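Dropping protein23.cif in here (mmCIF, N, CA and C atoms and all ligand atoms):
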data_model
#
loop_
_atom_site.label_atom_id
_atom_site.label_comp_id
_atom_site.auth_asym_id
_atom_site.auth_seq_id
_atom_site.Cartn_x
_atom_site.Cartn_y
_atom_site.Cartn_z
N MET A 7 75.61 177.37 195.18
CA MET A 7 75.00 177.64 193.88
C MET A 7 74.61 176.33 193.21
N LEU A 8 73.36 176.30 192.71
CA LEU A 8 72.86 175.10 192.05
C LEU A 8 73.33 175.11 190.59
N ILE A 9 73.96 174.03 190.14
CA ILE A 9 74.35 173.95 188.73
C ILE A 9 73.83 172.66 188.12
N ARG A 10 73.58 172.67 186.82
CA ARG A 10 73.09 171.46 186.14
C ARG A 10 74.21 170.45 185.99
N TYR A 11 73.89 169.20 186.18
CA TYR A 11 74.85 168.10 186.00
C TYR A 11 75.27 168.00 184.54
N ASN A 12 76.54 167.70 184.29
CA ASN A 12 76.95 167.19 182.99
C ASN A 12 77.98 166.09 183.21
N LYS A 13 78.29 165.37 182.15
CA LYS A 13 79.12 164.16 182.22
C LYS A 13 80.47 164.40 182.93
N ALA A 14 80.99 165.61 182.87
CA ALA A 14 82.27 165.91 183.52
C ALA A 14 82.19 165.70 185.03
N PHE A 15 80.96 165.74 185.57
CA PHE A 15 80.77 165.58 187.02
C PHE A 15 80.36 164.15 187.40
N GLU A 16 80.50 163.22 186.46
CA GLU A 16 79.95 161.87 186.69
C GLU A 16 80.46 161.23 187.99
N LYS A 17 81.79 161.25 188.17
CA LYS A 17 82.35 160.55 189.35
C LYS A 17 81.88 161.17 190.66
N ILE A 18 81.95 162.48 190.74
CA ILE A 18 81.53 163.14 191.99
C ILE A 18 80.04 162.94 192.23
N ALA A 19 79.26 162.95 191.15
CA ALA A 19 77.81 162.76 191.29
C ALA A 19 77.52 161.34 191.78
N MET A 20 78.23 160.35 191.24
CA MET A 20 77.99 158.98 191.69
C MET A 20 78.40 158.80 193.15
N GLY A 21 79.48 159.46 193.55
CA GLY A 21 79.90 159.41 194.94
C GLY A 21 78.82 159.97 195.86
N LEU A 22 78.25 161.10 195.48
CA LEU A 22 77.20 161.72 196.31
C LEU A 22 75.92 160.89 196.30
N LEU A 23 75.56 160.39 195.12
CA LEU A 23 74.34 159.56 195.01
C LEU A 23 74.43 158.32 195.88
N SER A 24 75.65 157.79 196.03
CA SER A 24 75.83 156.54 196.77
C SER A 24 75.50 156.69 198.25
N PHE A 25 75.33 157.92 198.74
CA PHE A 25 74.92 158.10 200.14
C PHE A 25 73.41 157.86 200.33
N MET A 26 72.67 157.81 199.21
CA MET A 26 71.24 157.49 199.33
C MET A 26 71.11 156.00 199.68
N PRO A 27 70.29 155.65 200.66
CA PRO A 27 70.20 154.26 201.09
C PRO A 27 69.95 153.26 199.95
N LYS A 28 69.17 153.65 198.93
CA LYS A 28 68.85 152.69 197.85
C LYS A 28 69.87 152.70 196.72
N GLU A 29 70.94 153.45 196.87
CA GLU A 29 71.92 153.57 195.78
C GLU A 29 73.29 153.01 196.18
N LYS A 30 73.28 152.03 197.05
CA LYS A 30 74.56 151.47 197.53
C LYS A 30 75.19 150.53 196.50
N ASP A 31 74.35 149.87 195.73
CA ASP A 31 74.83 148.89 194.77
C ASP A 31 75.33 149.59 193.50
N LEU A 32 76.53 149.22 193.03
CA LEU A 32 77.16 149.92 191.90
C LEU A 32 76.30 149.86 190.63
N LYS A 33 75.69 148.69 190.40
CA LYS A 33 74.87 148.54 189.19
C LYS A 33 73.67 149.49 189.24
N LYS A 34 73.03 149.57 190.40
CA LYS A 34 71.87 150.46 190.58
C LYS A 34 72.30 151.92 190.36
N LEU A 35 73.47 152.24 190.92
CA LEU A 35 74.01 153.59 190.81
C LEU A 35 74.26 153.98 189.35
N GLN A 36 74.81 153.03 188.60
CA GLN A 36 75.08 153.29 187.18
C GLN A 36 73.79 153.47 186.40
N GLU A 37 72.75 152.69 186.78
CA GLU A 37 71.45 152.83 186.10
C GLU A 37 70.85 154.20 186.40
N THR A 38 70.99 154.62 187.67
CA THR A 38 70.41 155.91 188.06
C THR A 38 71.09 157.06 187.34
N ILE A 39 72.40 157.04 187.28
CA ILE A 39 73.11 158.15 186.63
C ILE A 39 72.78 158.18 185.14
N LYS A 40 72.59 156.98 184.55
CA LYS A 40 72.22 156.90 183.13
C LYS A 40 70.84 157.52 182.89
N LEU A 41 69.92 157.29 183.84
CA LEU A 41 68.59 157.89 183.73
C LEU A 41 68.71 159.41 183.62
N TYR A 42 69.53 159.99 184.52
CA TYR A 42 69.70 161.44 184.52
C TYR A 42 70.41 161.93 183.26
N GLU A 43 71.26 161.07 182.67
CA GLU A 43 71.99 161.50 181.47
C GLU A 43 71.15 161.38 180.20
N THR A 44 70.16 160.47 180.23
CA THR A 44 69.46 160.20 178.97
C THR A 44 67.99 160.63 178.95
N GLU A 45 67.34 160.65 180.11
CA GLU A 45 65.91 160.96 180.13
C GLU A 45 65.69 162.45 180.36
N LYS A 46 64.94 163.06 179.43
CA LYS A 46 64.72 164.51 179.52
C LYS A 46 64.01 164.95 180.79
N LYS A 47 63.16 164.06 181.30
CA LYS A 47 62.36 164.44 182.48
C LYS A 47 63.10 164.19 183.80
N TRP A 48 64.27 163.59 183.72
CA TRP A 48 65.08 163.37 184.93
C TRP A 48 66.20 164.39 184.93
N ARG A 49 66.26 165.20 185.94
CA ARG A 49 67.24 166.31 185.95
C ARG A 49 68.04 166.32 187.24
N LEU A 50 69.33 166.36 187.06
CA LEU A 50 70.23 166.29 188.20
C LEU A 50 70.95 167.64 188.37
N PHE A 51 71.07 168.06 189.61
CA PHE A 51 71.75 169.32 189.93
C PHE A 51 72.81 169.07 190.99
N LEU A 52 73.84 169.90 190.96
CA LEU A 52 74.90 169.81 191.97
C LEU A 52 74.96 171.12 192.71
N TRP A 53 75.43 171.05 193.95
CA TRP A 53 75.56 172.26 194.75
C TRP A 53 77.05 172.57 194.86
N LYS A 54 77.42 173.76 194.30
CA LYS A 54 78.83 174.13 194.27
C LYS A 54 79.07 175.31 195.21
N GLU A 55 80.07 175.15 196.06
CA GLU A 55 80.49 176.27 196.93
C GLU A 55 81.95 176.53 196.63
N GLU A 56 82.24 177.75 196.18
CA GLU A 56 83.57 178.08 195.65
C GLU A 56 83.89 177.05 194.57
N GLU A 57 84.97 176.29 194.71
CA GLU A 57 85.28 175.33 193.64
C GLU A 57 84.82 173.91 193.96
N ASP A 58 84.19 173.72 195.12
CA ASP A 58 83.85 172.36 195.54
C ASP A 58 82.39 171.99 195.31
N VAL A 59 82.21 170.80 194.76
CA VAL A 59 80.86 170.26 194.61
C VAL A 59 80.57 169.46 195.89
N ILE A 60 79.58 169.89 196.67
CA ILE A 60 79.37 169.25 197.98
C ILE A 60 77.96 168.67 198.16
N GLY A 61 77.11 168.87 197.16
CA GLY A 61 75.76 168.33 197.30
C GLY A 61 75.16 167.98 195.95
N LEU A 62 74.08 167.23 196.02
CA LEU A 62 73.40 166.79 194.80
C LEU A 62 71.90 166.72 195.06
N VAL A 63 71.13 167.13 194.06
CA VAL A 63 69.67 166.95 194.16
C VAL A 63 69.15 166.58 192.78
N GLY A 64 68.32 165.53 192.74
CA GLY A 64 67.80 165.07 191.46
C GLY A 64 66.30 165.06 191.47
N VAL A 65 65.70 165.47 190.34
CA VAL A 65 64.24 165.55 190.27
C VAL A 65 63.70 164.85 189.03
N GLN A 66 62.43 164.47 189.12
CA GLN A 66 61.73 163.97 187.94
C GLN A 66 60.55 164.89 187.66
N LEU A 67 60.41 165.28 186.40
CA LEU A 67 59.29 166.15 186.01
C LEU A 67 58.10 165.30 185.61
N PHE A 68 56.92 165.71 186.04
CA PHE A 68 55.69 165.05 185.63
C PHE A 68 54.83 166.09 184.91
N GLY A 69 54.53 165.85 183.66
CA GLY A 69 53.76 166.81 182.87
C GLY A 69 54.49 168.13 182.80
N GLU A 70 53.72 169.21 182.81
CA GLU A 70 54.31 170.54 182.63
C GLU A 70 54.40 171.30 183.94
N SER A 71 53.89 170.72 185.03
CA SER A 71 53.76 171.58 186.20
C SER A 71 54.13 170.93 187.53
N SER A 72 54.62 169.70 187.48
CA SER A 72 54.91 169.09 188.76
C SER A 72 56.25 168.36 188.78
N ILE A 73 56.88 168.37 189.96
CA ILE A 73 58.23 167.84 190.12
C ILE A 73 58.32 167.03 191.40
N GLU A 74 59.02 165.91 191.32
CA GLU A 74 59.24 165.09 192.51
C GLU A 74 60.74 164.99 192.78
N VAL A 75 61.13 165.25 194.01
CA VAL A 75 62.55 165.15 194.37
C VAL A 75 62.88 163.67 194.57
N GLN A 76 63.74 163.15 193.72
CA GLN A 76 64.08 161.71 193.74
C GLN A 76 65.30 161.41 194.62
N HIS A 77 66.26 162.31 194.59
CA HIS A 77 67.52 162.07 195.33
C HIS A 77 67.99 163.38 195.95
N ILE A 78 68.53 163.28 197.16
CA ILE A 78 69.19 164.45 197.77
C ILE A 78 70.32 163.94 198.65
N SER A 79 71.47 164.56 198.50
CA SER A 79 72.63 164.08 199.25
C SER A 79 73.66 165.20 199.43
N VAL A 80 74.29 165.17 200.60
CA VAL A 80 75.34 166.17 200.91
C VAL A 80 76.58 165.41 201.37
N ASN A 81 77.73 165.87 200.95
CA ASN A 81 79.00 165.29 201.40
C ASN A 81 79.03 165.28 202.94
N PRO A 82 79.35 164.13 203.54
CA PRO A 82 79.30 164.03 205.01
C PRO A 82 80.10 165.12 205.73
N SER A 83 81.18 165.62 205.13
CA SER A 83 81.96 166.68 205.82
C SER A 83 81.25 168.02 205.84
N HIS A 84 80.16 168.13 205.06
CA HIS A 84 79.44 169.42 205.00
C HIS A 84 78.00 169.31 205.49
N ARG A 85 77.70 168.23 206.20
CA ARG A 85 76.31 168.10 206.69
C ARG A 85 76.06 168.99 207.91
N PHE A 86 74.81 169.23 208.19
CA PHE A 86 74.36 170.07 209.31
C PHE A 86 74.86 171.51 209.17
N GLU A 87 75.09 171.93 207.92
CA GLU A 87 75.47 173.34 207.68
C GLU A 87 74.37 174.03 206.89
N GLY A 88 73.26 173.34 206.68
CA GLY A 88 72.15 173.95 205.95
C GLY A 88 72.19 173.76 204.44
N VAL A 89 73.15 172.96 203.94
CA VAL A 89 73.29 172.79 202.48
C VAL A 89 72.06 172.09 201.89
N GLY A 90 71.60 171.01 202.55
CA GLY A 90 70.43 170.28 202.05
C GLY A 90 69.23 171.21 201.95
N THR A 91 68.99 171.99 202.97
CA THR A 91 67.88 172.94 202.98
C THR A 91 68.04 173.99 201.89
N GLN A 92 69.26 174.49 201.73
CA GLN A 92 69.51 175.49 200.68
C GLN A 92 69.23 174.92 199.30
N MET A 93 69.57 173.64 199.10
CA MET A 93 69.32 173.03 197.78
C MET A 93 67.82 172.94 197.51
N ILE A 94 67.04 172.57 198.53
CA ILE A 94 65.58 172.50 198.34
C ILE A 94 65.02 173.90 198.04
N LYS A 95 65.52 174.90 198.74
CA LYS A 95 65.04 176.28 198.49
C LYS A 95 65.41 176.73 197.08
N ALA A 96 66.65 176.42 196.67
CA ALA A 96 67.12 176.83 195.33
C ALA A 96 66.31 176.12 194.24
N LEU A 97 65.91 174.89 194.51
CA LEU A 97 65.09 174.14 193.57
C LEU A 97 63.73 174.82 193.39
N HIS A 98 63.17 175.31 194.50
CA HIS A 98 61.89 176.02 194.44
C HIS A 98 62.02 177.31 193.64
N GLU A 99 63.18 177.96 193.73
CA GLU A 99 63.38 179.18 192.94
C GLU A 99 63.55 178.83 191.46
N TYR A 100 64.33 177.78 191.19
CA TYR A 100 64.60 177.36 189.81
C TYR A 100 63.31 176.93 189.11
N TYR A 101 62.46 176.19 189.84
CA TYR A 101 61.20 175.71 189.27
C TYR A 101 60.03 176.44 189.93
N ALA A 102 60.10 177.76 189.90
CA ALA A 102 59.13 178.59 190.61
C ALA A 102 57.69 178.31 190.18
N ASP A 103 57.48 177.93 188.92
CA ASP A 103 56.11 177.73 188.43
C ASP A 103 55.61 176.31 188.64
N TYR A 104 56.42 175.49 189.25
CA TYR A 104 56.05 174.08 189.41
C TYR A 104 55.61 173.76 190.84
N GLU A 105 54.80 172.74 190.93
CA GLU A 105 54.47 172.20 192.25
C GLU A 105 55.57 171.16 192.57
N ILE A 106 56.18 171.29 193.73
CA ILE A 106 57.31 170.42 194.06
C ILE A 106 57.01 169.59 195.30
N GLY A 107 57.37 168.32 195.24
CA GLY A 107 57.19 167.46 196.41
C GLY A 107 58.24 166.37 196.43
N PRO A 108 58.30 165.62 197.51
CA PRO A 108 59.30 164.55 197.61
C PRO A 108 58.74 163.22 197.11
N ASN A 109 59.60 162.22 196.95
CA ASN A 109 59.13 160.85 196.81
C ASN A 109 59.35 160.17 198.16
N LYS A 110 59.11 158.87 198.23
CA LYS A 110 59.25 158.15 199.51
C LYS A 110 60.68 158.21 200.06
N ASP A 111 61.66 158.25 199.15
CA ASP A 111 63.07 158.21 199.58
C ASP A 111 63.60 159.55 200.07
N THR A 112 62.89 160.63 199.75
CA THR A 112 63.40 161.96 200.16
C THR A 112 62.46 162.67 201.13
N GLU A 113 61.30 162.05 201.40
CA GLU A 113 60.27 162.81 202.13
C GLU A 113 60.65 163.15 203.58
N SER A 114 61.40 162.28 204.26
CA SER A 114 61.65 162.59 205.68
C SER A 114 62.48 163.86 205.80
N PHE A 115 63.49 164.01 204.91
CA PHE A 115 64.27 165.26 204.97
C PHE A 115 63.46 166.43 204.41
N TYR A 116 62.82 166.21 203.25
CA TYR A 116 62.08 167.28 202.59
C TYR A 116 61.06 167.93 203.53
N LYS A 117 60.35 167.06 204.27
CA LYS A 117 59.27 167.57 205.13
C LYS A 117 59.78 168.40 206.30
N GLN A 118 61.03 168.17 206.70
CA GLN A 118 61.51 168.96 207.83
C GLN A 118 62.22 170.26 207.36
N CYS A 119 62.29 170.48 206.04
CA CYS A 119 62.84 171.75 205.53
C CYS A 119 61.75 172.81 205.70
N GLU A 120 62.09 173.91 206.28
CA GLU A 120 61.09 174.97 206.42
C GLU A 120 61.10 175.83 205.18
N LEU A 121 60.06 175.70 204.36
CA LEU A 121 60.07 176.39 203.07
C LEU A 121 59.27 177.68 203.10
C1 LIG A 201 69.61 164.35 204.16
C2 LIG A 201 70.83 165.24 203.88
C3 LIG A 201 70.86 165.60 202.39
C4 LIG A 201 70.72 166.52 204.71
O1 LIG A 201 71.74 167.39 204.34
P1 LIG A 201 72.29 168.56 205.33
O2 LIG A 201 73.00 169.54 204.48
O3 LIG A 201 72.99 167.97 206.48
O4 LIG A 201 70.89 169.19 205.82
P2 LIG A 201 70.67 170.57 206.60
O5 LIG A 201 71.93 171.00 207.25
O6 LIG A 201 69.98 171.52 205.69
O7 LIG A 201 69.60 170.12 207.69
C5 LIG A 201 70.01 169.33 208.76
C6 LIG A 201 68.76 168.80 209.46
O8 LIG A 201 68.20 167.73 208.67
C7 LIG A 201 67.98 166.60 209.48
N1 LIG A 201 68.10 165.38 208.68
C8 LIG A 201 69.20 164.85 208.15
N2 LIG A 201 68.91 163.72 207.49
C9 LIG A 201 67.57 163.53 207.62
C10 LIG A 201 66.68 162.53 207.17
N3 LIG A 201 67.08 161.49 206.44
N4 LIG A 201 65.37 162.69 207.49
C11 LIG A 201 64.94 163.72 208.22
N5 LIG A 201 65.74 164.71 208.67
C12 LIG A 201 67.06 164.60 208.37
C13 LIG A 201 69.07 166.72 210.54
O9 LIG A 201 68.77 165.96 211.65
C14 LIG A 201 69.07 168.22 210.83
O10 LIG A 201 68.02 168.53 211.68
P3 LIG A 201 68.14 169.73 212.78
O11 LIG A 201 68.30 170.99 211.96
O12 LIG A 201 66.85 169.64 213.50
O13 LIG A 201 69.35 169.40 213.57
C15 LIG A 201 72.14 164.51 204.30
O14 LIG A 201 72.03 164.09 205.64
C16 LIG A 201 72.48 163.30 203.45
O15 LIG A 201 73.16 163.43 202.43
N6 LIG A 201 72.03 162.08 203.86
C17 LIG A 201 72.33 160.87 203.10
C18 LIG A 201 71.47 160.77 201.86
C19 LIG A 201 70.00 160.54 202.20
O16 LIG A 201 69.68 159.70 203.03
N7 LIG A 201 69.11 161.29 201.50
C20 LIG A 201 67.67 161.14 201.69
C21 LIG A 201 67.19 161.87 202.91
S1 LIG A 201 65.46 161.60 203.27
#

Can the structure from this file be put into structure tokens for me?
Amino acid sequence: MLIRYNKAFEKIAMGLLSFMPKEKDLKKLQETIKLYETEKKWRLFLWKEEEDVIGLVGVQLFGESSIEVQHISVNPSHRFEGVGTQMIKALHEYYADYEIGPNKDTESFYKQCEL
């Protein structure tokens, strides 16, 4: 289930974000999480299964009709179970009226999701 990020999930979200190749540095990671906390057009979601948060997907909105997937990450113990693909599908349902695409950092995974 896709849920919206809030500050209570900060630590787990930073842990998941740190699996993105460009988010290894702590300072960069803190800047990224701050973007999601303060900028209205940056929206972060978590993937919850039962009580566990095991995935993260972050998007940036452009205008009123377009969205770019900025970050996507799954806890290594839950990879290859279809969670990443489910998050992309859930995002398409959540933003059904929007055109959705990846950025350079998410495109290799995004493009291999069968939507
Ligand atoms: C990318 C990621 C979110 C996929 O999550 P997942 O839940 O394992 O994905 P799914 O189970 O839905 O899909 C697995 C498929 O994605 C492929 N895949 C995994 N990472 C990939 C990547 N970076 N680029 C392209 N394909 C990728 C797997 O090889 C697998 O392919 P297969 O079905 O042909 O075997 C996860 O590997 C991750 O967190 N990676 C680290 C963060 C990252 O690099 N994010 C940006 C990715 S472009």

Fewer than 3 positions away in the same chain doesn't count, so skip those; otherwise give me all residues within 8 Å of Ile94 (chain A), counting only N, CA and C atoms, as a ChimeraX atom specification. /A:63,88-91,97-100,116,119,121

Centre and edges of the region 41-53 of chain A box, axis-aligned, 8 Å extra per side, as JSON:
{"center_x": 69.7, "center_y": 164.9, "center_z": 186.9, "size_x": 30.7, "size_y": 31.3, "size_z": 31.9}

Surrounding residues as a ChimeraX atom specification, ligand LIG 201 (chain A), max 6 Å, all atoms listed in the file: /A:25-27,78-81,84-92,111-116

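Distance annotation: of A:Ile18, A:Tyr11, A:Ser83, A:Leu23, the residue with the minimal separation from Glu43 (chain A) is A:Tyr11; atom set is all atoms listed in the file.
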
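CA of Glu37 (chain A) to atom C of Phe15 (chain A) spans 14.5 Å [interatomic distance, one decimal].
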
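Here the question is which of A:Leu35, A:Leu67, A:Ala96, A:Leu50 gets nearest to Asn12 (chain A) using all atoms listed in the file, and that residue is A:Leu50.
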
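Counting all atoms listed in the file, the residue from A:Glu120, A:Val65, A:Lys28, A:Lys17 that sits nearest to Phe51 (chain A) is A:Val65.
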
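The gap separating CA of Gln118 (chain A) from CA of Arg10 (chain A) is 24.7 Å, in Å to one decimal.
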
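One finds atom C of Lys13 (chain A) at 14.6 Å from atom C of Asp58 (chain A).
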
Could you give me, as an mmCIF file with N, CA and C atoms, keeping the file's coordinate frame, each residue of chain A that DSSP assigns to helix (DSSP H, G or I) when run on this structure's backbone?
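And here is the file that came out, part-v6.cif:
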data_model
loop_
_atom_site.group_PDB
_atom_site.id
_atom_site.type_symbol
_atom_site.label_atom_id
_atom_site.label_comp_id
_atom_site.auth_asym_id
_atom_site.auth_seq_id
_atom_site.Cartn_x
_atom_site.Cartn_y
_atom_site.Cartn_z
ATOM 1 N N LYS A 13 78.290 165.370 182.150
ATOM 2 C CA LYS A 13 79.120 164.160 182.220
ATOM 3 C C LYS A 13 80.470 164.400 182.930
ATOM 4 N N ALA A 14 80.990 165.610 182.870
ATOM 5 C CA ALA A 14 82.270 165.910 183.520
ATOM 6 C C ALA A 14 82.190 165.700 185.030
ATOM 7 N N PHE A 15 80.960 165.740 185.570
ATOM 8 C CA PHE A 15 80.770 165.580 187.020
ATOM 9 C C PHE A 15 80.360 164.150 187.400
ATOM 10 N N GLU A 16 80.500 163.220 186.460
ATOM 11 C CA GLU A 16 79.950 161.870 186.690
ATOM 12 C C GLU A 16 80.460 161.230 187.990
ATOM 13 N N LYS A 17 81.790 161.250 188.170
ATOM 14 C CA LYS A 17 82.350 160.550 189.350
ATOM 15 C C LYS A 17 81.880 161.170 190.660
ATOM 16 N N ILE A 18 81.950 162.480 190.740
ATOM 17 C CA ILE A 18 81.530 163.140 191.990
ATOM 18 C C ILE A 18 80.040 162.940 192.230
ATOM 19 N N ALA A 19 79.260 162.950 191.150
ATOM 20 C CA ALA A 19 77.810 162.760 191.290
ATOM 21 C C ALA A 19 77.520 161.340 191.780
ATOM 22 N N MET A 20 78.230 160.350 191.240
ATOM 23 C CA MET A 20 77.990 158.980 191.690
ATOM 24 C C MET A 20 78.400 158.800 193.150
ATOM 25 N N GLY A 21 79.480 159.460 193.550
ATOM 26 C CA GLY A 21 79.900 159.410 194.940
ATOM 27 C C GLY A 21 78.820 159.970 195.860
ATOM 28 N N LEU A 22 78.250 161.100 195.480
ATOM 29 C CA LEU A 22 77.200 161.720 196.310
ATOM 30 C C LEU A 22 75.920 160.890 196.300
ATOM 31 N N LEU A 23 75.560 160.390 195.120
ATOM 32 C CA LEU A 23 74.340 159.560 195.010
ATOM 33 C C LEU A 23 74.430 158.320 195.880
ATOM 34 N N PRO A 27 70.290 155.650 200.660
ATOM 35 C CA PRO A 27 70.200 154.260 201.090
ATOM 36 C C PRO A 27 69.950 153.260 199.950
ATOM 37 N N LYS A 28 69.170 153.650 198.930
ATOM 38 C CA LYS A 28 68.850 152.690 197.850
ATOM 39 C C LYS A 28 69.870 152.700 196.720
ATOM 40 N N GLU A 29 70.940 153.450 196.870
ATOM 41 C CA GLU A 29 71.920 153.570 195.780
ATOM 42 C C GLU A 29 73.290 153.010 196.180
ATOM 43 N N LEU A 32 76.530 149.220 193.030
ATOM 44 C CA LEU A 32 77.160 149.920 191.900
ATOM 45 C C LEU A 32 76.300 149.860 190.630
ATOM 46 N N LYS A 33 75.690 148.690 190.400
ATOM 47 C CA LYS A 33 74.870 148.540 189.190
ATOM 48 C C LYS A 33 73.670 149.490 189.240
ATOM 49 N N LYS A 34 73.030 149.570 190.400
ATOM 50 C CA LYS A 34 71.870 150.460 190.580
ATOM 51 C C LYS A 34 72.300 151.920 190.360
ATOM 52 N N LEU A 35 73.470 152.240 190.920
ATOM 53 C CA LEU A 35 74.010 153.590 190.810
ATOM 54 C C LEU A 35 74.260 153.980 189.350
ATOM 55 N N GLN A 36 74.810 153.030 188.600
ATOM 56 C CA GLN A 36 75.080 153.290 187.180
ATOM 57 C C GLN A 36 73.790 153.470 186.400
ATOM 58 N N GLU A 37 72.750 152.690 186.780
ATOM 59 C CA GLU A 37 71.450 152.830 186.100
ATOM 60 C C GLU A 37 70.850 154.200 186.400
ATOM 61 N N THR A 38 70.990 154.620 187.670
ATOM 62 C CA THR A 38 70.410 155.910 188.060
ATOM 63 C C THR A 38 71.090 157.060 187.340
ATOM 64 N N ILE A 39 72.400 157.040 187.280
ATOM 65 C CA ILE A 39 73.110 158.150 186.630
ATOM 66 C C ILE A 39 72.780 158.180 185.140
ATOM 67 N N LYS A 40 72.590 156.980 184.550
ATOM 68 C CA LYS A 40 72.220 156.900 183.130
ATOM 69 C C LYS A 40 70.840 157.520 182.890
ATOM 70 N N LEU A 41 69.920 157.290 183.840
ATOM 71 C CA LEU A 41 68.590 157.890 183.730
ATOM 72 C C LEU A 41 68.710 159.410 183.620
ATOM 73 N N TYR A 42 69.530 159.990 184.520
ATOM 74 C CA TYR A 42 69.700 161.440 184.520
ATOM 75 C C TYR A 42 70.410 161.930 183.260
ATOM 76 N N GLU A 43 71.260 161.070 182.670
ATOM 77 C CA GLU A 43 71.990 161.500 181.470
ATOM 78 C C GLU A 43 71.150 161.380 180.200
ATOM 79 N N THR A 44 70.160 160.470 180.230
ATOM 80 C CA THR A 44 69.460 160.200 178.970
ATOM 81 C C THR A 44 67.990 160.630 178.950
ATOM 82 N N PRO A 82 79.350 164.130 203.540
ATOM 83 C CA PRO A 82 79.300 164.030 205.010
ATOM 84 C C PRO A 82 80.100 165.120 205.730
ATOM 85 N N SER A 83 81.180 165.620 205.130
ATOM 86 C CA SER A 83 81.960 166.680 205.820
ATOM 87 C C SER A 83 81.250 168.020 205.840
ATOM 88 N N HIS A 84 80.160 168.130 205.060
ATOM 89 C CA HIS A 84 79.440 169.420 205.000
ATOM 90 C C HIS A 84 78.000 169.310 205.490
ATOM 91 N N VAL A 89 73.150 172.960 203.940
ATOM 92 C CA VAL A 89 73.290 172.790 202.480
ATOM 93 C C VAL A 89 72.060 172.090 201.890
ATOM 94 N N GLY A 90 71.600 171.010 202.550
ATOM 95 C CA GLY A 90 70.430 170.280 202.050
ATOM 96 C C GLY A 90 69.230 171.210 201.950
ATOM 97 N N THR A 91 68.990 171.990 202.970
ATOM 98 C CA THR A 91 67.880 172.940 202.980
ATOM 99 C C THR A 91 68.040 173.990 201.890
ATOM 100 N N GLN A 92 69.260 174.490 201.730
ATOM 101 C CA GLN A 92 69.510 175.490 200.680
ATOM 102 C C GLN A 92 69.230 174.920 199.300
ATOM 103 N N MET A 93 69.570 173.640 199.100
ATOM 104 C CA MET A 93 69.320 173.030 197.780
ATOM 105 C C MET A 93 67.820 172.940 197.510
ATOM 106 N N ILE A 94 67.040 172.570 198.530
ATOM 107 C CA ILE A 94 65.580 172.500 198.340
ATOM 108 C C ILE A 94 65.020 173.900 198.040
ATOM 109 N N LYS A 95 65.520 174.900 198.740
ATOM 110 C CA LYS A 95 65.040 176.280 198.490
ATOM 111 C C LYS A 95 65.410 176.730 197.080
ATOM 112 N N ALA A 96 66.650 176.420 196.670
ATOM 113 C CA ALA A 96 67.120 176.830 195.330
ATOM 114 C C ALA A 96 66.310 176.120 194.240
ATOM 115 N N LEU A 97 65.910 174.890 194.510
ATOM 116 C CA LEU A 97 65.090 174.140 193.570
ATOM 117 C C LEU A 97 63.730 174.820 193.390
ATOM 118 N N HIS A 98 63.170 175.310 194.500
ATOM 119 C CA HIS A 98 61.890 176.020 194.440
ATOM 120 C C HIS A 98 62.020 177.310 193.640
ATOM 121 N N GLU A 99 63.180 177.960 193.730
ATOM 122 C CA GLU A 99 63.380 179.180 192.940
ATOM 123 C C GLU A 99 63.550 178.830 191.460
ATOM 124 N N TYR A 100 64.330 177.780 191.190
ATOM 125 C CA TYR A 100 64.600 177.360 189.810
ATOM 126 C C TYR A 100 63.310 176.930 189.110
ATOM 127 N N GLU A 113 61.300 162.050 201.400
ATOM 128 C CA GLU A 113 60.270 162.810 202.130
ATOM 129 C C GLU A 113 60.650 163.150 203.580
ATOM 130 N N SER A 114 61.400 162.280 204.260
ATOM 131 C CA SER A 114 61.650 162.590 205.680
ATOM 132 C C SER A 114 62.480 163.860 205.800
ATOM 133 N N PHE A 115 63.490 164.010 204.910
ATOM 134 C CA PHE A 115 64.270 165.260 204.970
ATOM 135 C C PHE A 115 63.460 166.430 204.410
ATOM 136 N N TYR A 116 62.820 166.210 203.250
ATOM 137 C CA TYR A 116 62.080 167.280 202.590
ATOM 138 C C TYR A 116 61.060 167.930 203.530
ATOM 139 N N LYS A 117 60.350 167.060 204.270
ATOM 140 C CA LYS A 117 59.270 167.570 205.130
ATOM 141 C C LYS A 117 59.780 168.400 206.300
ATOM 142 N N GLN A 118 61.030 168.170 206.700
ATOM 143 C CA GLN A 118 61.510 168.960 207.830
ATOM 144 C C GLN A 118 62.220 170.260 207.360
#

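Compared by their closest atoms to Ile73 (chain A), and using all atoms listed in the file, the residues A:Lys95, A:Asn109, A:Lys40, A:Glu45 rank with A:Asn109 nearest.
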
Would you mind telling me which residue in A:Pro108, A:Pro82, A:Gly64, A:Gly21 lies nearest to Trp48 (chain A) when using all atoms listed in the file? A:Gly64

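With distances taken over all atoms listed in the file, A:Ser71 is the one residue among A:Ser71, A:Asp31, A:Tyr42, A:Leu52 lying closest to Asp103 (chain A).
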
Secondary structure check, strand (DSSP E or B) residues of chain A, as an MDAnalysis selection string: chainID A and resid 8:10 48:55 58:68 72:80 105:108
